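Containing mmCIF, C-alpha atoms and all ligand atoms: model_6.cif.
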data_target
#
loop_
_atom_site.label_atom_id
_atom_site.label_comp_id
_atom_site.auth_asym_id
_atom_site.auth_seq_id
_atom_site.Cartn_x
_atom_site.Cartn_y
_atom_site.Cartn_z
CA MET O 87 -0.36 -38.92 44.69
CA LEU O 88 -0.67 -42.62 45.48
CA THR O 89 1.95 -44.32 47.63
CA LEU O 90 1.83 -48.05 48.19
CA ILE O 91 3.42 -49.29 51.40
CA HIS O 92 4.97 -52.51 50.20
CA ALA O 93 7.14 -55.44 51.23
CA PRO O 94 8.34 -57.66 48.35
CA GLN O 95 6.58 -61.01 47.83
CA SER O 96 3.78 -60.32 50.24
CA ARG O 97 0.10 -59.41 50.13
CA SER O 98 1.04 -55.96 48.86
CA SER O 99 2.46 -57.52 45.66
CA ARG O 100 -1.09 -57.97 44.39
CA ILE O 101 -1.71 -54.26 44.82
CA ILE O 102 1.23 -53.57 42.49
CA TRP O 103 -0.56 -55.92 40.06
CA LEU O 104 -3.76 -53.88 40.45
CA LEU O 105 -1.97 -50.53 40.10
CA GLU O 106 -0.38 -51.82 36.89
CA GLU O 107 -3.79 -52.99 35.61
CA LEU O 108 -5.20 -49.53 36.30
CA GLY O 109 -2.32 -47.69 34.64
CA ALA O 110 -2.01 -45.69 37.87
CA ASP O 111 0.70 -43.19 38.64
CA TYR O 112 2.13 -44.35 41.97
CA ASP O 113 5.15 -44.56 44.21
CA ILE O 114 6.26 -47.48 46.30
CA ARG O 115 7.51 -47.10 49.86
CA TYR O 116 9.45 -50.23 50.78
CA VAL O 117 9.12 -51.35 54.38
CA SER O 118 10.23 -54.40 56.31
CA ILE O 119 7.63 -56.65 57.91
CA ARG O 120 7.71 -59.60 60.31
CA ARG O 121 8.14 -62.72 58.15
CA TRP O 122 7.08 -66.27 59.00
CA ASP O 123 10.71 -67.43 59.06
CA GLY O 124 11.47 -64.98 61.88
CA SER O 125 13.26 -62.50 59.62
CA GLY O 126 12.28 -58.86 59.20
CA GLY O 127 10.42 -56.78 61.72
CA PRO O 128 7.99 -53.90 62.12
CA ASP O 129 9.03 -50.72 60.34
CA ASP O 130 8.59 -47.24 61.83
CA ASN O 131 8.09 -45.99 58.29
CA ASN O 132 4.90 -48.03 57.94
CA PRO O 133 1.69 -46.14 58.87
CA HIS O 134 -0.36 -49.38 59.06
CA PRO O 135 -1.71 -49.78 62.61
CA HIS O 136 -0.33 -53.35 62.77
CA LYS O 137 2.79 -52.58 60.68
CA GLN O 138 1.42 -54.87 57.98
CA VAL O 139 1.18 -54.50 54.21
CA PRO O 140 -0.56 -53.50 52.04
CA ALA O 141 -1.28 -49.94 53.06
CA LEU O 142 -2.06 -47.13 50.67
CA LEU O 143 -1.60 -43.39 51.13
CA HIS O 144 -3.63 -41.09 48.92
CA ASN O 145 -3.65 -37.33 49.58
CA ASN O 146 -2.89 -38.07 53.25
CA ALA O 147 -5.70 -40.62 53.54
CA LEU O 148 -4.55 -44.02 54.80
CA VAL O 149 -6.28 -47.14 53.43
CA THR O 150 -5.54 -50.57 54.89
CA GLU O 151 -6.82 -54.13 54.31
CA SER O 152 -6.40 -55.58 50.82
CA THR O 153 -10.08 -55.52 49.91
CA ALA O 154 -10.52 -51.90 51.05
CA VAL O 155 -7.44 -50.93 49.03
CA VAL O 156 -8.86 -52.78 46.00
CA GLN O 157 -12.25 -51.10 46.29
CA TYR O 158 -10.66 -47.68 46.89
CA LEU O 159 -8.43 -47.98 43.82
CA THR O 160 -11.08 -49.33 41.45
CA GLU O 161 -13.33 -46.43 42.47
CA LEU O 162 -10.49 -43.98 41.87
CA TYR O 163 -10.19 -45.38 38.33
CA PRO O 164 -13.88 -45.89 37.45
CA ASN O 165 -13.19 -46.53 33.76
CA SER O 166 -11.16 -49.66 34.45
CA GLU O 167 -12.82 -52.97 33.56
CA LEU O 168 -11.74 -54.29 36.97
CA GLY O 169 -14.20 -52.31 39.12
CA ARG O 170 -17.98 -52.12 39.18
CA PRO O 171 -19.06 -48.54 40.05
CA PRO O 172 -22.32 -47.70 41.85
CA GLY O 173 -25.24 -48.30 39.49
CA HIS O 174 -23.43 -51.07 37.58
CA ALA O 175 -25.51 -54.24 37.21
CA GLU O 176 -22.70 -56.26 38.82
CA ARG O 177 -22.04 -53.82 41.70
CA GLY O 178 -23.74 -56.06 44.28
CA ALA O 179 -21.85 -59.14 43.14
CA TYR O 180 -18.58 -57.19 43.09
CA LEU O 181 -18.90 -55.94 46.68
CA SER O 182 -20.12 -59.36 47.80
CA TRP O 183 -17.07 -61.14 46.36
CA LEU O 184 -14.66 -58.55 47.81
CA ALA O 185 -16.18 -58.99 51.27
CA TYR O 186 -16.37 -62.77 50.80
CA TYR O 187 -12.69 -62.89 49.92
CA ALA O 188 -11.73 -61.05 53.15
CA GLY O 189 -14.36 -62.56 55.41
CA VAL O 190 -14.57 -66.15 54.22
CA ILE O 191 -12.01 -67.24 51.61
CA GLU O 192 -8.84 -66.04 53.36
CA PRO O 193 -9.78 -66.90 56.96
CA SER O 194 -11.25 -70.33 56.20
CA GLY O 195 -8.46 -71.13 53.72
CA SER O 196 -5.80 -70.09 56.23
CA ALA O 197 -7.45 -72.18 58.95
CA PHE O 198 -7.53 -75.18 56.60
CA LEU O 199 -3.93 -74.77 55.45
CA GLY O 200 -2.70 -74.13 58.97
CA GLY O 201 -4.40 -77.31 60.25
CA LEU O 202 -6.72 -75.30 62.51
CA ALA O 203 -9.85 -76.60 60.75
CA ALA O 204 -8.96 -80.27 61.33
CA ASN O 205 -10.52 -80.51 64.81
CA ASN O 206 -13.10 -77.82 64.30
CA PRO O 207 -16.25 -79.08 62.52
CA GLN O 208 -17.72 -75.58 62.19
CA MET O 209 -14.54 -74.25 60.54
CA THR O 210 -14.34 -77.33 58.31
CA LYS O 211 -17.94 -76.75 57.19
CA ILE O 212 -17.23 -73.09 56.36
CA TYR O 213 -14.11 -74.07 54.41
CA GLU O 214 -15.88 -76.85 52.48
CA GLU O 215 -18.86 -74.63 51.65
CA MET O 216 -16.45 -71.96 50.43
CA CYS O 217 -14.70 -74.46 48.12
CA VAL O 218 -18.02 -75.61 46.66
CA HIS O 219 -19.23 -72.03 46.16
CA VAL O 220 -16.04 -70.87 44.40
CA ILE O 221 -15.65 -73.96 42.22
CA GLU O 222 -19.35 -74.06 41.25
CA THR O 223 -19.18 -70.37 40.31
CA LEU O 224 -16.07 -70.85 38.17
CA SER O 225 -17.59 -73.95 36.55
CA LYS O 226 -20.51 -71.86 35.25
CA GLN O 227 -18.57 -68.80 34.11
CA PRO O 228 -14.95 -67.78 33.47
CA PHE O 229 -14.73 -65.18 36.27
CA LEU O 230 -16.28 -64.66 39.69
CA LEU O 231 -18.77 -62.07 38.43
CA GLY O 232 -19.54 -63.68 35.09
CA LYS O 233 -18.02 -63.17 31.66
CA THR O 234 -15.76 -60.26 32.59
CA VAL O 235 -12.77 -60.12 34.89
CA SER O 236 -12.87 -57.95 38.03
CA ALA O 237 -10.52 -57.00 40.85
CA ALA O 238 -12.18 -59.72 42.95
CA ASP O 239 -10.55 -62.20 40.56
CA LEU O 240 -7.23 -60.48 41.09
CA LEU O 241 -7.51 -61.07 44.85
CA LEU O 242 -8.47 -64.73 44.49
CA ALA O 243 -5.94 -65.47 41.75
CA SER O 244 -3.12 -63.82 43.71
CA ALA O 245 -3.93 -66.00 46.73
CA LEU O 246 -4.03 -69.12 44.53
CA GLY O 247 -0.79 -68.14 42.80
CA TRP O 248 0.83 -67.95 46.20
CA MET O 249 -0.89 -71.04 47.67
CA ARG O 250 -2.72 -73.23 45.12
CA ARG O 251 -3.73 -75.64 47.91
CA LEU O 252 -6.15 -73.00 49.17
CA LEU O 253 -8.69 -74.83 46.95
CA PRO O 254 -8.87 -78.55 46.15
CA GLU O 255 -7.53 -80.04 42.94
CA SER O 256 -9.76 -78.94 40.08
CA ALA O 257 -9.23 -78.41 36.36
CA VAL O 258 -11.59 -75.43 36.55
CA VAL O 259 -9.43 -73.72 39.16
CA ASP O 260 -6.23 -74.52 37.25
CA ARG O 261 -7.66 -72.98 34.07
CA TYR O 262 -8.74 -69.90 36.04
CA VAL O 263 -5.28 -69.43 37.57
CA GLU O 264 -3.70 -69.86 34.12
CA THR O 265 -5.98 -67.23 32.58
CA MET O 266 -5.40 -64.74 35.38
CA THR O 267 -1.65 -65.21 35.62
CA ALA O 268 -1.24 -64.67 31.86
CA ARG O 269 -2.26 -61.03 32.22
CA PRO O 270 0.49 -58.63 31.07
CA ALA O 271 -0.01 -56.36 34.11
CA LEU O 272 0.97 -59.27 36.37
CA ALA O 273 4.21 -59.76 34.45
CA ARG O 274 5.00 -56.06 34.93
CA ALA O 275 4.14 -56.27 38.62
CA ARG O 276 6.38 -59.31 39.08
CA ALA O 277 9.28 -57.49 37.42
CA ILE O 278 8.83 -54.54 39.78
CA ASP O 279 8.53 -56.85 42.79
CA SER O 280 11.67 -58.78 41.94
CA LYS O 281 13.89 -55.76 41.30
CA PRO O 282 12.82 -53.16 43.84
CA ASP O 283 15.94 -51.01 43.77
CA GLU O 284 16.08 -50.70 40.00
CA LEU O 285 12.53 -49.58 39.46
CA HIS O 286 11.38 -47.72 42.54
CA VAL O 287 13.20 -46.20 45.47
N1 LIG O 301 -5.99 -58.79 56.20
C1 LIG O 301 -4.78 -58.10 55.84
C2 LIG O 301 -3.59 -59.02 56.07
C3 LIG O 301 -2.29 -58.29 55.87
C4 LIG O 301 -1.10 -59.18 56.19
O1 LIG O 301 -1.20 -60.17 56.94
N2 LIG O 301 0.07 -58.84 55.63
C5 LIG O 301 1.27 -59.55 55.92
C6 LIG O 301 2.13 -59.70 54.66
S1 LIG O 301 1.50 -60.91 53.56
C7 LIG O 301 2.09 -58.73 56.90
O2 LIG O 301 2.18 -57.53 56.76
N3 LIG O 301 2.70 -59.40 57.88
C8 LIG O 301 3.51 -58.77 58.87
C9 LIG O 301 2.89 -58.80 60.25
O3 LIG O 301 1.79 -59.37 60.40
O4 LIG O 301 3.51 -58.26 61.16
C10 LIG O 301 -4.86 -57.65 54.37
O5 LIG O 301 -5.30 -58.43 53.53
O6 LIG O 301 -4.49 -56.53 54.07
#
For the file at hand, write its structure as structure tokens.
Amino acid sequence: MLTLIHAPQSRSSRIIWLLEELGADYDIRYVSIRRWDGSGGPDDNNPHPHKQVPALLHNNALVTESTAVVQYLTELYPNSELGRPPGHAERGAYLSWLAYYAGVIEPSGSAFLGGLAANNPQMTKIYEEMCVHVIETLSKQPFLLGKTVSAADLLLASALGWMRRLLPESAVVDRYVETMTARPALARARAIDSKPDELHV
């Protein structure tokens, strides 16, 4: 059994999106988290070592960090178009984009948005190189890996849906966000996220 440790409208919302894409059978355990506005707080019912979300429980195994959860789930459902199993021609690119999302896109984007990059030339360079790399990639092909969507796109699109300013103004990025956010699984995930008590306990 899969249990997602989730707080509404947070980074775990994108894992609901992924679970819906995969057609997975899952439960949601709602927890409170510390929010930026000072509300909420750590929840004893959350097994995450930092009391953050997402966290995933599967047969007593605990998986944390969005990209690890994404890789774990796409490997659990190897027939989904969103993963790239070992031996797949795009496996290297898939793992590279997952790691790049966690190691470069989110940290450099957060530093930029939080103003931390402003007086830090090294951080500014990493952020600017990241923007060029992502936009050049999406200018050549519809998705990060090429012609076919993957769960790496789900991570990037969810971040852009939440904070479009993560990347500079660009028609290519706008088209990408539009394509990704039109997916029916995202509409289902948003419905679940907005009405927690009705759909999951
Ligand atoms: N790198 C982590 C970040 C997780 C994270 O920051 N989650 C936020 C919600 S969007 C959280 O749980 N915040 C509460 C806290 O930090 O105490 C991941 O992607 O899984």
At a cut-off of 10 Å and counting only C-alpha atoms and all ligand atoms, what residues surround ligand LIG 301 (chain O)? Please answer as a ChimeraX atom specification. /O:91-101,117-122,126-129,132,134,136-141,149-156,187-189,192-193,241
Using only C-alpha atoms, which residues sit within 10 Å of Asn146 of chain O once same-chain residues fewer than 3 positions away are excluded, as a VMD selection string? chain O and resid 87 to 89 142 to 143 149
With distances taken over only C-alpha atoms, which of O:Gly109, O:Pro164, O:Pro135, O:Gly169 is nearest to Ala238 of chain O? O:Gly169
Length of the atom CA of Ser225 of chain O to atom CA of Ser196 of chain O vector [Å]: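 According to the coordinates, atom CA of Ser225 of chain O and atom CA of Ser196 of chain O are separated by 23.3 Å.
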Considering all atoms listed in the file, can you say which of O:Ser125, O:Thr267, O:Ser166, O:Asn131 comes closest to Ala110 of chain O?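 Looking at the shortest contact to Ala110 of chain O, the residue is O:Ser166.
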To one decimal place in Å, what is the distance between atom CA of Leu224 of chain O and atom CA of Val259 of chain O?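 Straight-line distance from atom CA of Leu224 of chain O to atom CA of Val259 of chain O works out to 7.3 Å.
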Neighbouring residues of Leu231 of chain O were defined as those with any atom within 9 Å, considering only C-alpha atoms; residues of the same chain fewer than 6 positions away were excluded. Please report them as a list in words.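 Returned residues: Glu176, Ala179, Tyr180, Trp183, Thr223, Ala238 and Asp239 of chain O.
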Between O:Ala275, O:Leu168, O:Val190, O:Leu184, which one has atoms that come closest to Met216 of chain O, using only C-alpha atoms?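 Of O:Ala275, O:Leu168, O:Val190, O:Leu184, the one nearest Met216 of chain O, counting only C-alpha atoms, is O:Val190.
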Among the residues O:Ala203, O:Ile221, O:Ile278, O:Leu104, the one that comes closest to Ala257 of chain O [using only C-alpha atoms]: O:Ile221
Using the file's own x, y and z axes, what box holds all listed atoms of segment 119-129 of chain O with 5 Å on each side, keeping edges along x, y and z, and what are its centre and edge lengths in Å to one decimal, as lines of an AutoDock Vina configuration file?
center_x = 10.2
center_y = -59.1
center_z = 60.0
size_x = 16.2
size_y = 26.7
size_z = 14.2
Within 8 Å of (6.5, -42.0, 41.9) in the file's own coordinates, which protein, DNA or RNA residues have an atom, counting all atoms listed in the file? List them as a short mmCIF file (atom, residue, chain, number, x, y, z; two decimals) with C-alpha atoms, in the frame of the given file.
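This is the output file selection-v1.cif:
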data_model
loop_
_atom_site.label_atom_id
_atom_site.label_comp_id
_atom_site.auth_asym_id
_atom_site.auth_seq_id
_atom_site.Cartn_x
_atom_site.Cartn_y
_atom_site.Cartn_z
CA THR O 89 1.95 -44.32 47.63
CA ASP O 111 0.70 -43.19 38.64
CA TYR O 112 2.13 -44.35 41.97
CA ASP O 113 5.15 -44.56 44.21
CA ILE O 114 6.26 -47.48 46.30
CA HIS O 286 11.38 -47.72 42.54
#
